[in-house]
>>> print(open('run-v1.tsv').read())   # TSV, C-alpha atoms
chain	number	residue	atom	x	y	z
A	1	MET	CA	37.24	27.99	-9.38
A	2	THR	CA	33.48	28.59	-9.34
A	3	LEU	CA	32.41	32.14	-8.62
A	4	THR	CA	28.67	31.47	-8.54
A	5	SER	CA	26.80	28.36	-7.58
A	6	THR	CA	23.24	27.28	-8.31
A	7	PRO	CA	21.37	26.56	-5.07
A	8	VAL	CA	20.37	22.95	-4.63
A	9	ASP	CA	16.70	22.59	-5.59
A	10	ASN	CA	14.99	19.21	-5.38
A	11	GLY	CA	11.54	20.77	-5.08
A	12	ILE	CA	11.54	20.41	-1.30
A	13	ASN	CA	10.68	23.39	0.91
A	14	LEU	CA	13.26	22.54	3.55
A	15	GLN	CA	12.89	25.67	5.65
A	16	ALA	CA	9.13	25.18	5.95
A	17	LEU	CA	9.66	21.57	7.04
A	18	LEU	CA	12.25	22.57	9.64
A	19	ASP	CA	9.93	25.30	10.91
A	20	ALA	CA	7.04	22.80	11.09
A	21	ARG	CA	9.19	20.38	13.04
A	22	GLU	CA	9.99	23.13	15.51
A	23	ALA	CA	6.36	24.26	15.79
A	24	LEU	CA	4.93	20.73	16.07
A	25	GLY	CA	7.50	19.79	18.68
A	26	ALA	CA	5.94	22.51	20.83
A	27	SER	CA	2.33	21.29	20.26
A	28	PRO	CA	2.61	17.54	19.63
A	29	GLU	CA	-1.17	16.94	19.41
A	30	ALA	CA	-1.21	18.94	16.16
A	31	ALA	CA	1.17	16.32	14.74
A	32	ASP	CA	-1.53	13.62	14.98
A	33	PHE	CA	-2.73	12.81	11.47
A	34	GLU	CA	-5.53	10.47	10.46
A	35	TRP	CA	-5.24	9.09	6.92
A	36	ARG	CA	-8.36	7.56	5.40
A	37	ALA	CA	-9.71	5.47	2.57
A	38	SER	CA	-13.26	4.34	1.67
A	39	CYS	CA	-13.73	1.09	-0.19
A	40	THR	CA	-16.74	-0.34	-2.03
A	41	TRP	CA	-16.95	-3.94	-3.17
A	42	MET	CA	-17.80	-4.05	-6.88
A	43	ASN	CA	-18.00	-7.79	-7.62
A	44	GLY	CA	-15.78	-10.82	-7.10
A	45	THR	CA	-12.33	-9.66	-6.04
A	46	HIS	CA	-12.85	-6.21	-7.58
A	47	SER	CA	-13.13	-3.23	-5.23
A	48	ARG	CA	-12.97	0.53	-5.69
A	49	THR	CA	-11.35	2.74	-3.07
A	50	THR	CA	-11.45	6.51	-2.79
A	51	VAL	CA	-8.92	8.68	-0.97
A	52	GLU	CA	-10.00	12.25	-0.36
A	53	GLY	CA	-9.99	13.69	3.16
A	54	PHE	CA	-7.65	13.47	6.13
A	55	SER	CA	-7.09	15.28	9.39
A	56	GLY	CA	-3.95	16.78	10.88
A	57	LEU	CA	-2.58	20.01	12.33
A	58	GLY	CA	-5.81	20.16	14.33
A	59	GLN	CA	-8.11	20.42	11.30
A	60	GLU	CA	-9.71	18.62	8.36
A	61	HIS	CA	-8.03	18.64	4.95
A	62	THR	CA	-9.11	17.59	1.47
A	63	HIS	CA	-6.77	16.54	-1.30
A	64	LEU	CA	-6.80	18.80	-4.36
A	65	THR	CA	-8.26	15.88	-6.33
A	66	PRO	CA	-9.97	12.76	-4.93
A	67	ALA	CA	-8.13	9.63	-6.07
A	68	VAL	CA	-10.05	6.51	-7.05
A	69	TYR	CA	-8.38	3.11	-7.27
A	70	ASP	CA	-9.67	-0.10	-8.77
A	71	VAL	CA	-8.07	-3.13	-7.17
A	72	ASP	CA	-8.60	-6.71	-8.30
A	73	HIS	CA	-6.97	-10.07	-8.85
A	74	PRO	CA	-5.55	-11.06	-12.25
A	75	GLU	CA	-6.99	-13.39	-14.86
A	76	CYS	CA	-4.54	-16.15	-13.95
A	77	PHE	CA	-6.32	-16.14	-10.59
A	78	PHE	CA	-9.73	-16.43	-12.28
A	79	SER	CA	-10.58	-12.78	-11.75
A	80	GLU	CA	-11.19	-9.98	-14.22
A	81	ASP	CA	-8.08	-7.84	-13.60
A	82	HIS	CA	-9.89	-4.54	-13.20
A	83	GLY	CA	-6.69	-3.23	-11.60
A	84	PRO	CA	-3.52	-4.22	-9.76
A	85	THR	CA	-3.58	-6.60	-6.84
A	86	PRO	CA	-3.59	-5.31	-3.26
A	87	THR	CA	0.01	-6.45	-2.86
A	88	GLU	CA	1.16	-4.37	-5.83
A	89	ILE	CA	-0.64	-1.36	-4.35
A	90	VAL	CA	1.45	-1.79	-1.20
A	91	LEU	CA	4.61	-1.68	-3.34
A	92	VAL	CA	3.36	1.62	-4.85
A	93	GLY	CA	3.09	3.07	-1.35
A	94	LEU	CA	6.56	1.89	-0.38
A	95	ALA	CA	8.03	3.28	-3.62
A	96	GLY	CA	6.43	6.68	-3.12
A	97	CYS	CA	7.51	6.90	0.51
A	98	LEU	CA	11.16	5.99	0.02
A	99	THR	CA	11.47	8.18	-3.10
A	100	ALA	CA	10.01	11.26	-1.40
A	101	GLY	CA	12.41	10.58	1.44
A	102	VAL	CA	15.41	10.48	-0.88
A	103	ALA	CA	14.46	13.93	-2.23
A	104	ALA	CA	13.92	15.37	1.25
A	105	VAL	CA	17.17	13.98	2.65
A	106	ALA	CA	19.08	15.16	-0.44
A	107	GLN	CA	17.73	18.67	0.06
A	108	ARG	CA	18.72	18.59	3.73
A	109	ARG	CA	22.25	17.53	2.80
A	110	GLY	CA	22.65	19.99	-0.06
A	111	ILE	CA	22.78	17.30	-2.75
A	112	GLN	CA	21.25	18.08	-6.14
A	113	LEU	CA	19.34	15.11	-7.57
A	114	ARG	CA	19.19	14.65	-11.33
A	115	SER	CA	17.14	11.47	-11.52
A	116	VAL	CA	15.82	8.82	-9.17
A	117	THR	CA	14.14	5.60	-10.18
A	118	ALA	CA	13.21	2.64	-8.03
A	119	THR	CA	12.26	-0.88	-9.01
A	120	LEU	CA	10.41	-2.96	-6.47
A	121	ALA	CA	9.75	-6.67	-6.34
A	122	GLY	CA	7.89	-8.63	-3.68
A	123	ASP	CA	8.00	-12.41	-3.34
A	124	LEU	CA	4.78	-14.07	-2.32
A	125	ASN	CA	3.96	-17.75	-2.43
A	126	VAL	CA	0.22	-18.03	-2.93
A	127	LEU	CA	-0.05	-21.35	-1.07
A	128	GLY	CA	-0.40	-19.15	2.02
A	129	VAL	CA	-3.42	-17.11	0.90
A	130	LEU	CA	-4.95	-20.22	-0.68
A	131	GLY	CA	-4.78	-21.94	2.70
A	132	ALA	CA	-2.85	-24.84	1.18
A	133	ASP	CA	0.24	-24.72	3.38
A	134	PRO	CA	0.07	-23.42	6.97
A	135	ASP	CA	3.86	-22.93	7.00
A	136	ILE	CA	3.72	-20.29	4.26
A	137	ARG	CA	2.75	-16.80	5.34
A	138	ASN	CA	0.00	-14.91	3.51
A	139	GLY	CA	2.13	-11.84	2.88
A	140	PHE	CA	5.44	-11.19	1.17
A	141	SER	CA	8.35	-13.40	2.17
A	142	GLN	CA	10.58	-10.53	1.04
A	143	ILE	CA	10.46	-7.16	-0.69
A	144	ARG	CA	13.41	-5.86	-2.69
A	145	VAL	CA	13.80	-2.19	-3.57
A	146	HIS	CA	16.55	-1.07	-5.93
A	147	PHE	CA	17.30	2.60	-6.50
A	148	ASP	CA	19.15	4.11	-9.44
A	149	ILE	CA	20.13	7.63	-8.48
A	150	ASP	CA	21.99	10.24	-10.49
A	151	ALA	CA	23.07	13.11	-8.26
A	152	ASP	CA	25.89	15.55	-7.57
A	153	ALA	CA	27.31	13.28	-4.91
A	154	THR	CA	29.75	10.46	-4.31
A	155	PRO	CA	28.54	6.84	-4.33
A	156	ALA	CA	28.91	6.80	-0.54
A	157	GLU	CA	26.79	9.95	-0.20
A	158	ILE	CA	24.13	8.44	-2.48
A	159	GLU	CA	24.06	5.28	-0.37
A	160	ALA	CA	23.67	7.40	2.73
A	161	LEU	CA	20.76	9.26	1.11
A	162	VAL	CA	18.87	6.02	0.70
A	163	ALA	CA	19.72	4.92	4.23
A	164	GLY	CA	18.49	8.29	5.51
A	165	SER	CA	15.21	7.86	3.67
A	166	GLN	CA	14.68	4.35	5.08
A	167	LYS	CA	15.31	5.68	8.57
A	168	ARG	CA	12.38	8.13	8.30
A	169	SER	CA	9.97	6.27	6.02
A	170	ALA	CA	6.43	5.74	7.29
A	171	VAL	CA	5.69	2.86	4.91
A	172	TYR	CA	9.05	1.14	5.37
A	173	ASP	CA	8.34	1.20	9.10
A	174	ALA	CA	4.73	0.01	8.64
A	175	LEU	CA	5.99	-3.02	6.72
A	176	THR	CA	9.15	-3.96	8.59
A	177	ASN	CA	7.63	-3.59	12.05
A	178	PRO	CA	4.27	-4.89	13.31
A	179	THR	CA	1.42	-2.43	12.83
A	180	PRO	CA	-1.72	-2.91	14.97
A	181	VAL	CA	-4.77	-3.33	12.71
A	182	THR	CA	-8.25	-3.63	14.23
A	183	VAL	CA	-11.13	-4.81	12.07
A	184	THR	CA	-14.78	-4.36	13.06
A	185	VAL	CA	-18.04	-5.03	11.22
A	186	ASN	CA	-21.59	-3.60	11.06
B	1	MET	CA	-41.19	-24.43	0.89
B	2	THR	CA	-38.77	-23.31	-1.80
B	3	LEU	CA	-38.60	-25.50	-4.85
B	4	THR	CA	-35.84	-23.60	-6.62
B	5	SER	CA	-33.00	-21.55	-5.24
B	6	THR	CA	-30.72	-19.02	-6.86
B	7	PRO	CA	-27.10	-20.19	-6.61
B	8	VAL	CA	-24.88	-17.93	-4.54
B	9	ASP	CA	-22.88	-15.73	-6.89
B	10	ASN	CA	-20.40	-13.21	-5.52
B	11	GLY	CA	-18.41	-13.18	-8.77
B	12	ILE	CA	-15.87	-15.62	-7.39
B	13	ASN	CA	-14.89	-18.71	-9.40
B	14	LEU	CA	-14.68	-20.95	-6.38
B	15	GLN	CA	-14.18	-24.24	-8.22
B	16	ALA	CA	-11.23	-22.83	-10.19
B	17	LEU	CA	-9.63	-21.56	-6.98
B	18	LEU	CA	-10.07	-24.92	-5.27
B	19	ASP	CA	-8.63	-26.68	-8.32
B	20	ALA	CA	-5.69	-24.27	-8.34
B	21	ARG	CA	-5.04	-24.91	-4.68
B	22	GLU	CA	-4.96	-28.63	-5.38
B	23	ALA	CA	-2.70	-28.25	-8.43
B	24	LEU	CA	-0.31	-25.79	-6.77
B	25	GLY	CA	-0.05	-27.94	-3.68
B	26	ALA	CA	1.44	-30.59	-5.98
B	27	SER	CA	3.93	-28.17	-7.62
B	28	PRO	CA	4.65	-25.55	-4.97
B	29	GLU	CA	7.31	-23.68	-7.02
B	30	ALA	CA	4.54	-22.58	-9.42
B	31	ALA	CA	2.93	-20.83	-6.45
B	32	ASP	CA	5.88	-18.41	-6.20
B	33	PHE	CA	4.73	-15.01	-7.43
B	34	GLU	CA	6.79	-11.86	-7.89
B	35	TRP	CA	4.79	-8.63	-7.75
B	36	ARG	CA	6.49	-5.51	-9.13
B	37	ALA	CA	6.34	-1.75	-9.35
B	38	SER	CA	8.55	0.84	-11.09
B	39	CYS	CA	8.85	4.31	-9.65
B	40	THR	CA	10.21	7.54	-11.11
B	41	TRP	CA	10.87	10.62	-9.03
B	42	MET	CA	9.13	13.63	-10.60
B	43	ASN	CA	10.11	16.51	-8.29
B	44	GLY	CA	9.99	17.20	-4.57
B	45	THR	CA	7.90	14.53	-2.85
B	46	HIS	CA	6.05	13.69	-6.08
B	47	SER	CA	6.70	10.30	-7.68
B	48	ARG	CA	4.97	8.26	-10.36
B	49	THR	CA	4.78	4.48	-10.12
B	50	THR	CA	3.70	2.01	-12.77
B	51	VAL	CA	2.38	-1.50	-12.15
B	52	GLU	CA	2.27	-3.74	-15.19
B	53	GLY	CA	4.02	-7.11	-15.16
B	54	PHE	CA	4.40	-9.89	-12.62
B	55	SER	CA	5.47	-13.51	-12.58
B	56	GLY	CA	3.79	-16.59	-11.19
B	57	LEU	CA	2.65	-20.07	-12.18
B	58	GLY	CA	6.08	-20.43	-13.78
B	59	GLN	CA	5.62	-17.64	-16.33
B	60	GLU	CA	5.44	-13.90	-16.96
B	61	HIS	CA	2.10	-12.09	-16.90
B	62	THR	CA	0.97	-8.61	-17.86
B	63	HIS	CA	-2.06	-6.83	-16.42
B	64	LEU	CA	-4.79	-6.03	-18.96
B	65	THR	CA	-4.02	-2.33	-18.41
B	66	PRO	CA	-0.87	-0.83	-16.88
B	67	ALA	CA	-1.76	1.24	-13.83
B	68	VAL	CA	0.02	4.53	-13.12
B	69	TYR	CA	-0.07	6.19	-9.72
B	70	ASP	CA	0.98	9.67	-8.71
B	71	VAL	CA	1.97	9.83	-5.06
B	72	ASP	CA	2.88	13.02	-3.22
B	73	HIS	CA	2.59	14.89	0.06
B	74	PRO	CA	-0.22	17.41	0.67
B	75	GLU	CA	-0.09	21.19	0.63
B	76	CYS	CA	-0.20	21.38	4.43
B	77	PHE	CA	3.16	19.61	4.24
B	78	PHE	CA	4.52	22.20	1.77
B	79	SER	CA	4.14	19.86	-1.20
B	80	GLU	CA	1.99	20.11	-4.30
B	81	ASP	CA	-0.50	17.27	-3.62
B	82	HIS	CA	-0.16	15.59	-7.01
B	83	GLY	CA	-1.77	12.53	-5.42
B	84	PRO	CA	-2.40	10.75	-2.13
B	85	THR	CA	0.33	10.14	0.37
B	86	PRO	CA	2.20	6.83	0.51
B	87	THR	CA	0.41	5.98	3.75
B	88	GLU	CA	-3.02	6.40	2.15
B	89	ILE	CA	-1.90	4.14	-0.70
B	90	VAL	CA	-1.14	1.43	1.86
B	91	LEU	CA	-4.71	1.77	3.19
B	92	VAL	CA	-5.98	1.25	-0.38
B	93	GLY	CA	-4.05	-2.02	-0.57
B	94	LEU	CA	-5.38	-3.19	2.77
B	95	ALA	CA	-8.96	-2.26	1.79
B	96	GLY	CA	-8.72	-4.15	-1.50
B	97	CYS	CA	-7.21	-7.22	0.11
B	98	LEU	CA	-9.70	-7.60	2.95
B	99	THR	CA	-12.67	-6.84	0.69
B	100	ALA	CA	-11.67	-9.41	-1.93
B	101	GLY	CA	-11.24	-11.87	0.92
B	102	VAL	CA	-14.74	-11.20	2.23
B	103	ALA	CA	-16.16	-12.04	-1.21
B	104	ALA	CA	-14.07	-15.20	-1.56
B	105	VAL	CA	-14.90	-16.47	1.93
B	106	ALA	CA	-18.59	-15.68	1.41
B	107	GLN	CA	-18.59	-17.70	-1.79
B	108	ARG	CA	-16.88	-20.59	-0.03
B	109	ARG	CA	-19.52	-20.54	2.73
B	110	GLY	CA	-22.48	-20.15	0.38
B	111	ILE	CA	-23.36	-16.64	1.58
B	112	GLN	CA	-24.76	-14.19	-0.95
B	113	LEU	CA	-23.34	-10.69	-0.49
B	114	ARG	CA	-25.49	-7.70	-1.39
B	115	SER	CA	-23.11	-4.89	-0.47
B	116	VAL	CA	-19.76	-4.48	1.24
B	117	THR	CA	-18.14	-1.19	2.13
B	118	ALA	CA	-15.08	-0.57	4.26
B	119	THR	CA	-13.84	2.62	5.84
B	120	LEU	CA	-10.21	2.74	6.88
B	121	ALA	CA	-8.38	5.16	9.12
B	122	GLY	CA	-4.72	5.13	10.08
B	123	ASP	CA	-3.25	7.17	12.93
B	124	LEU	CA	0.19	8.60	12.35
B	125	ASN	CA	1.95	11.23	14.41
B	126	VAL	CA	4.29	13.06	12.06
B	127	LEU	CA	6.85	13.88	14.76
B	128	GLY	CA	8.30	10.47	13.88
B	129	VAL	CA	8.92	11.07	10.17
B	130	LEU	CA	10.04	14.64	10.93
B	131	GLY	CA	12.72	13.25	13.24
B	132	ALA	CA	11.43	15.42	16.09
B	133	ASP	CA	10.70	12.68	18.63
B	134	PRO	CA	12.66	9.42	18.67
B	135	ASP	CA	9.93	7.77	20.77
B	136	ILE	CA	7.33	8.14	18.02
B	137	ARG	CA	7.44	5.56	15.24
B	138	ASN	CA	7.49	6.66	11.60
B	139	GLY	CA	4.56	4.48	10.58
B	140	PHE	CA	0.97	4.11	11.76
B	141	SER	CA	0.41	3.75	15.49
B	142	GLN	CA	-2.84	2.00	14.56
B	143	ILE	CA	-5.06	1.21	11.60
B	144	ARG	CA	-8.83	0.78	11.99
B	145	VAL	CA	-10.92	-0.98	9.38
B	146	HIS	CA	-14.70	-0.95	9.66
B	147	PHE	CA	-16.87	-3.07	7.38
B	148	ASP	CA	-20.55	-2.56	6.63
B	149	ILE	CA	-21.84	-5.75	5.05
B	150	ASP	CA	-25.32	-6.58	3.82
B	151	ALA	CA	-25.61	-10.30	3.11
B	152	ASP	CA	-27.94	-13.27	3.40
B	153	ALA	CA	-26.42	-14.27	6.71
B	154	THR	CA	-26.70	-13.80	10.45
B	155	PRO	CA	-24.63	-11.15	12.22
B	156	ALA	CA	-22.43	-13.92	13.60
B	157	GLU	CA	-21.88	-15.36	10.11
B	158	ILE	CA	-21.00	-11.89	8.80
B	159	GLU	CA	-18.50	-11.41	11.62
B	160	ALA	CA	-16.98	-14.77	10.79
B	161	LEU	CA	-16.68	-13.75	7.11
B	162	VAL	CA	-14.52	-10.80	8.06
B	163	ALA	CA	-12.44	-12.91	10.43
B	164	GLY	CA	-11.96	-15.47	7.65
B	165	SER	CA	-10.77	-12.74	5.29
B	166	GLN	CA	-8.27	-11.40	7.86
B	167	LYS	CA	-6.92	-14.90	8.34
B	168	ARG	CA	-5.96	-15.19	4.65
B	169	SER	CA	-5.14	-11.59	3.75
B	170	ALA	CA	-1.72	-10.92	2.24
B	171	VAL	CA	-1.74	-7.21	3.09
B	172	TYR	CA	-3.14	-7.68	6.60
B	173	ASP	CA	-0.26	-10.10	7.18
B	174	ALA	CA	2.31	-7.77	5.59
B	175	LEU	CA	1.30	-5.00	7.97
B	176	THR	CA	0.65	-6.86	11.22
B	177	ASN	CA	3.79	-9.00	11.00
B	178	PRO	CA	7.34	-7.91	10.13
B	179	THR	CA	8.12	-8.09	6.41
B	180	PRO	CA	11.79	-8.19	5.38
B	181	VAL	CA	12.57	-5.27	3.03
B	182	THR	CA	16.02	-4.94	1.46
B	183	VAL	CA	17.01	-1.67	-0.19
B	184	THR	CA	19.98	-1.36	-2.57
B	185	VAL	CA	21.27	1.49	-4.74
B	186	ASN	CA	23.07	1.98	-8.09
>>> encode(input="run-v1.tsv", output="structure tokens")
Amino acid sequence: MTLTSTPVDNGINLQALLDAREALGASPEAADFEWRASCTWMNGTHSRTTVEGFSGLGQEHTHLTPAVYDVDHPECFFSEDHGPTPTEIVLVGLAGCLTAGVAAVAQRRGIQLRSVTATLAGDLNVLGVLGADPDIRNGFSQIRVHFDIDADATPAEIEALVAGSQKRSAVYDALTNPTPVTVTVN
Amino acid sequence: MTLTSTPVDNGINLQALLDAREALGASPEAADFEWRASCTWMNGTHSRTTVEGFSGLGQEHTHLTPAVYDVDHPECFFSEDHGPTPTEIVLVGLAGCLTAGVAAVAQRRGIQLRSVTATLAGDLNVLGVLGADPDIRNGFSQIRVHFDIDADATPAEIEALVAGSQKRSAVYDALTNPTPVTVTVN
């Protein structure tokens, strides 16, 4: 028999999120966010992209630290490998989104997480991007995400955590459903 | 009358890419790449993802430098902003992909680039991810990419460069068309 219990703490401020949901439901225009990135071509397939400001809750915001990313193609593709490929960057976004979701859903359900790791793999046949086979798509034919989660919960509860995260993931949605992208120039 | 001309050089090894396309067309299984990422939950919405190895051309490869990314939610979302959001990371991937494509297509068409910048913005209403409005999707409602390109080319040729890049972009495809994502646990 336990007389005291440690409150579940996954580092998620659940009450603030629930309050925000309530408040934003009453003024939905404040829930419109614009996320941004600025990219400069360096040379060849190498580009450098900065993420710093965004808007939301009716105002401008700035990240505590601007983030700068070098993206390139690898040497086996005759490039200089100044950084990961664009496709790997997308996997980073998916990993971060689903993992944050696992923590948030665990907090909501009163489940203490001990550790969460995810390994991601995306299959891509480069005959598509090389324009060598019109039947092969340019993007991933499939992405696999595997979570290893240690938590105070049953295997079924842990499975449900991951399902709950998928259900509310911005990046999972952006990938699995069509996202309109408009591209303009000069 | 010009007696000599400077060869177009956008830092793209066009001949090697054309040779690779020819060679891979003859052994399509070598064109199967697997891109990877490994993510560790830190605390709250903060995760850290490493990109290092990948497979393709029938063998394992390692990037010259492993890349490590901190991803988080911002302070206005009651998180600690240890890095950009997952959605911003996706914009970085899209920026890198389309920009590399512009350089490759320019090289193919004999167009010398002087500068290329891209600004990206993605609209996302957070009532979706908060579970407050089932009619609002979790992901972007729209992504806008705007290129500014200075090149030895007419406006129409520059527009066609960007269109050519879109046509062969892995990340543009991954976003605009459904990508199968499977998620497993433990």
>>> atom_distance(input="run-v1.tsv", atom1="CA of Arg36 in chain A", atom2="CA of Thr49 in chain A")
10.2 Å
>>> closest_residue(input="run-v1.tsv", among="A:Cys97, A:Leu124, A:Leu130, A:Phe147", to="Ser55 in chain B", atoms="all atoms listed in the file")
A:Leu124
>>> atom_distance(input="run-v1.tsv", atom1="CA of Asp72 in chain A", atom2="CA of Leu175 in chain B")
19.1 Å
>>> atom_distance(input="run-v1.tsv", atom1="CA of Thr179 in chain B", atom2="CA of Pro178 in chain A")
8.5 Å
>>> closest_residue(input="run-v1.tsv", among="B:Ala118, B:Gln142, B:Gly128, B:Glu80", to="Asn43 in chain B", atoms="all atoms listed in the file")
B:Glu80
>>> residues_around(input="run-v1.tsv", residues="range 165-174 of chain B", least_positions_apart="2", cutoff="7 Å", atoms="only C-alpha atoms", output="list in words")
Pro86, Thr87, Val129, Asn138, Gly139, Phe140 and Leu175 of chain A; Gly93, Leu94, Cys97, Leu98, Gly101, Val102, Val105, Leu161, Val162, Ala163, Thr176, Asn177, Pro178 and Thr179 of chain B
>>> closest_residue(input="run-v1.tsv", among="A:Gln59, A:Asn125, A:Ser115, A:Thr45", to="Ala31 in chain A", atoms="all atoms listed in the file")
A:Gln59
>>> closest_residue(input="run-v1.tsv", among="B:Thr182, B:Ser79, B:Asn13, B:Ser27", to="Ala106 in chain B", atoms="only C-alpha atoms")
B:Asn13
>>> residues_around(input="run-v1.tsv", residues="Phe77 in chain B", least_positions_apart="6", cutoff="9 Å", atoms="all atoms listed in the file", output="MDAnalysis selection string")
chainID A and resid 16:17 20
>>> closest_residue(input="run-v1.tsv", among="A:Glu34, A:Thr40, A:Ile136, A:Pro74", to="Glu88 in chain B", atoms="only C-alpha atoms")
A:Glu34
>>> residues_around(input="run-v1.tsv", residues="Ala26 in chain A", least_positions_apart="5", cutoff="12 Å", atoms="only C-alpha atoms", output="VMD selection string")
(chain A and resid 19 to 21 31) or (chain B and resid 127 132 to 133)
>>> write_last_selection(input="run-v1.tsv", atoms="C-alpha atoms", output="compact mmCIF listing (two decimals), keeping the file's coordinate frame")
# COMPACT_ATOMS: atom_id res chain seq x y z
CA ASP A 19 9.93 25.30 10.91
CA ALA A 20 7.04 22.80 11.09
CA ARG A 21 9.19 20.38 13.04
CA ALA A 31 1.17 16.32 14.74
CA LEU B 127 6.85 13.88 14.76
CA ALA B 132 11.43 15.42 16.09
CA ASP B 133 10.70 12.68 18.63
>>> closest_residue(input="run-v1.tsv", among="A:Gly11, A:Gly44, A:Gly164, A:Pro134", to="Gln107 in chain B", atoms="only C-alpha atoms")
A:Gly44
>>> residues_around(input="run-v1.tsv", residues="range 89-91 of chain B", least_positions_apart="5", cutoff="7 Å", atoms="all atoms listed in the file", output="ChimeraX atom specification")
/A:37,89-90,93 /B:84,120
>>> residues_around(input="run-v1.tsv", residues="Pro155 in chain B", least_positions_apart="6", cutoff="10 Å", atoms="only C-alpha atoms", output="compact mmCIF listing (two decimals) with C-alpha atoms, in the coordinates of the input")
# COMPACT_ATOMS: atom_id res chain seq x y z
CA VAL A 185 -18.04 -5.03 11.22
CA ASN A 186 -21.59 -3.60 11.06
CA ILE B 149 -21.84 -5.75 5.05
CA LEU B 161 -16.68 -13.75 7.11
>>> decode(input="run-v1.tsv", residues="range 175-180 of chain B", atoms="all heavy atoms", output="PDB file, in the first residue's frame")
ATOM      1  N   LEU B 175       5.564  16.061 -49.378  1.00  0.00           N
ATOM      2  CA  LEU B 175       4.543  16.894 -48.738  1.00  0.00           C
ATOM      3  C   LEU B 175       3.260  16.971 -49.550  1.00  0.00           C
ATOM      4  O   LEU B 175       2.160  16.900 -48.997  1.00  0.00           O
ATOM      5  CB  LEU B 175       5.091  18.306 -48.507  1.00  0.00           C
ATOM      6  CG  LEU B 175       6.115  18.410 -47.381  1.00  0.00           C
ATOM      7  CD1 LEU B 175       6.806  19.765 -47.398  1.00  0.00           C
ATOM      8  CD2 LEU B 175       5.444  18.176 -46.025  1.00  0.00           C
ATOM      9  N   THR B 176       3.392  17.139 -50.866  1.00  0.00           N
ATOM     10  CA  THR B 176       2.188  17.396 -51.669  1.00  0.00           C
ATOM     11  C   THR B 176       1.410  16.128 -51.980  1.00  0.00           C
ATOM     12  O   THR B 176       0.233  16.203 -52.328  1.00  0.00           O
ATOM     13  CB  THR B 176       2.544  18.133 -52.977  1.00  0.00           C
ATOM     14  OG1 THR B 176       3.536  17.374 -53.684  1.00  0.00           O
ATOM     15  CG2 THR B 176       3.082  19.527 -52.699  1.00  0.00           C
ATOM     16  N   ASN B 177       2.071  14.978 -51.865  1.00  0.00           N
ATOM     17  CA  ASN B 177       1.382  13.698 -52.080  1.00  0.00           C
ATOM     18  C   ASN B 177       1.438  12.865 -50.808  1.00  0.00           C
ATOM     19  O   ASN B 177       2.361  13.015 -50.017  1.00  0.00           O
ATOM     20  CB  ASN B 177       2.057  12.934 -53.231  1.00  0.00           C
ATOM     21  CG  ASN B 177       1.938  13.686 -54.539  1.00  0.00           C
ATOM     22  OD1 ASN B 177       0.845  13.957 -55.007  1.00  0.00           O
ATOM     23  ND2 ASN B 177       3.072  14.050 -55.119  1.00  0.00           N
ATOM     24  N   PRO B 178       0.483  11.962 -50.611  1.00  0.00           N
ATOM     25  CA  PRO B 178       0.499  11.156 -49.383  1.00  0.00           C
ATOM     26  C   PRO B 178       1.728  10.245 -49.331  1.00  0.00           C
ATOM     27  O   PRO B 178       2.057   9.580 -50.305  1.00  0.00           O
ATOM     28  CB  PRO B 178      -0.788  10.324 -49.488  1.00  0.00           C
ATOM     29  CG  PRO B 178      -1.640  11.024 -50.493  1.00  0.00           C
ATOM     30  CD  PRO B 178      -0.699  11.696 -51.442  1.00  0.00           C
ATOM     31  N   THR B 179       2.380  10.233 -48.188  1.00  0.00           N
ATOM     32  CA  THR B 179       3.524   9.355 -47.951  1.00  0.00           C
ATOM     33  C   THR B 179       3.128   8.342 -46.880  1.00  0.00           C
ATOM     34  O   THR B 179       2.678   8.735 -45.808  1.00  0.00           O
ATOM     35  CB  THR B 179       4.736  10.192 -47.447  1.00  0.00           C
ATOM     36  OG1 THR B 179       5.091  11.133 -48.460  1.00  0.00           O
ATOM     37  CG2 THR B 179       5.911   9.314 -47.126  1.00  0.00           C
ATOM     38  N   PRO B 180       3.273   7.044 -47.174  1.00  0.00           N
ATOM     39  CA  PRO B 180       2.920   6.046 -46.147  1.00  0.00           C
ATOM     40  C   PRO B 180       3.921   6.100 -44.978  1.00  0.00           C
ATOM     41  O   PRO B 180       5.133   6.050 -45.208  1.00  0.00           O
ATOM     42  CB  PRO B 180       3.035   4.706 -46.877  1.00  0.00           C
ATOM     43  CG  PRO B 180       3.235   5.025 -48.329  1.00  0.00           C
ATOM     44  CD  PRO B 180       3.748   6.429 -48.415  1.00  0.00           C
TER      45      PRO B 180
END
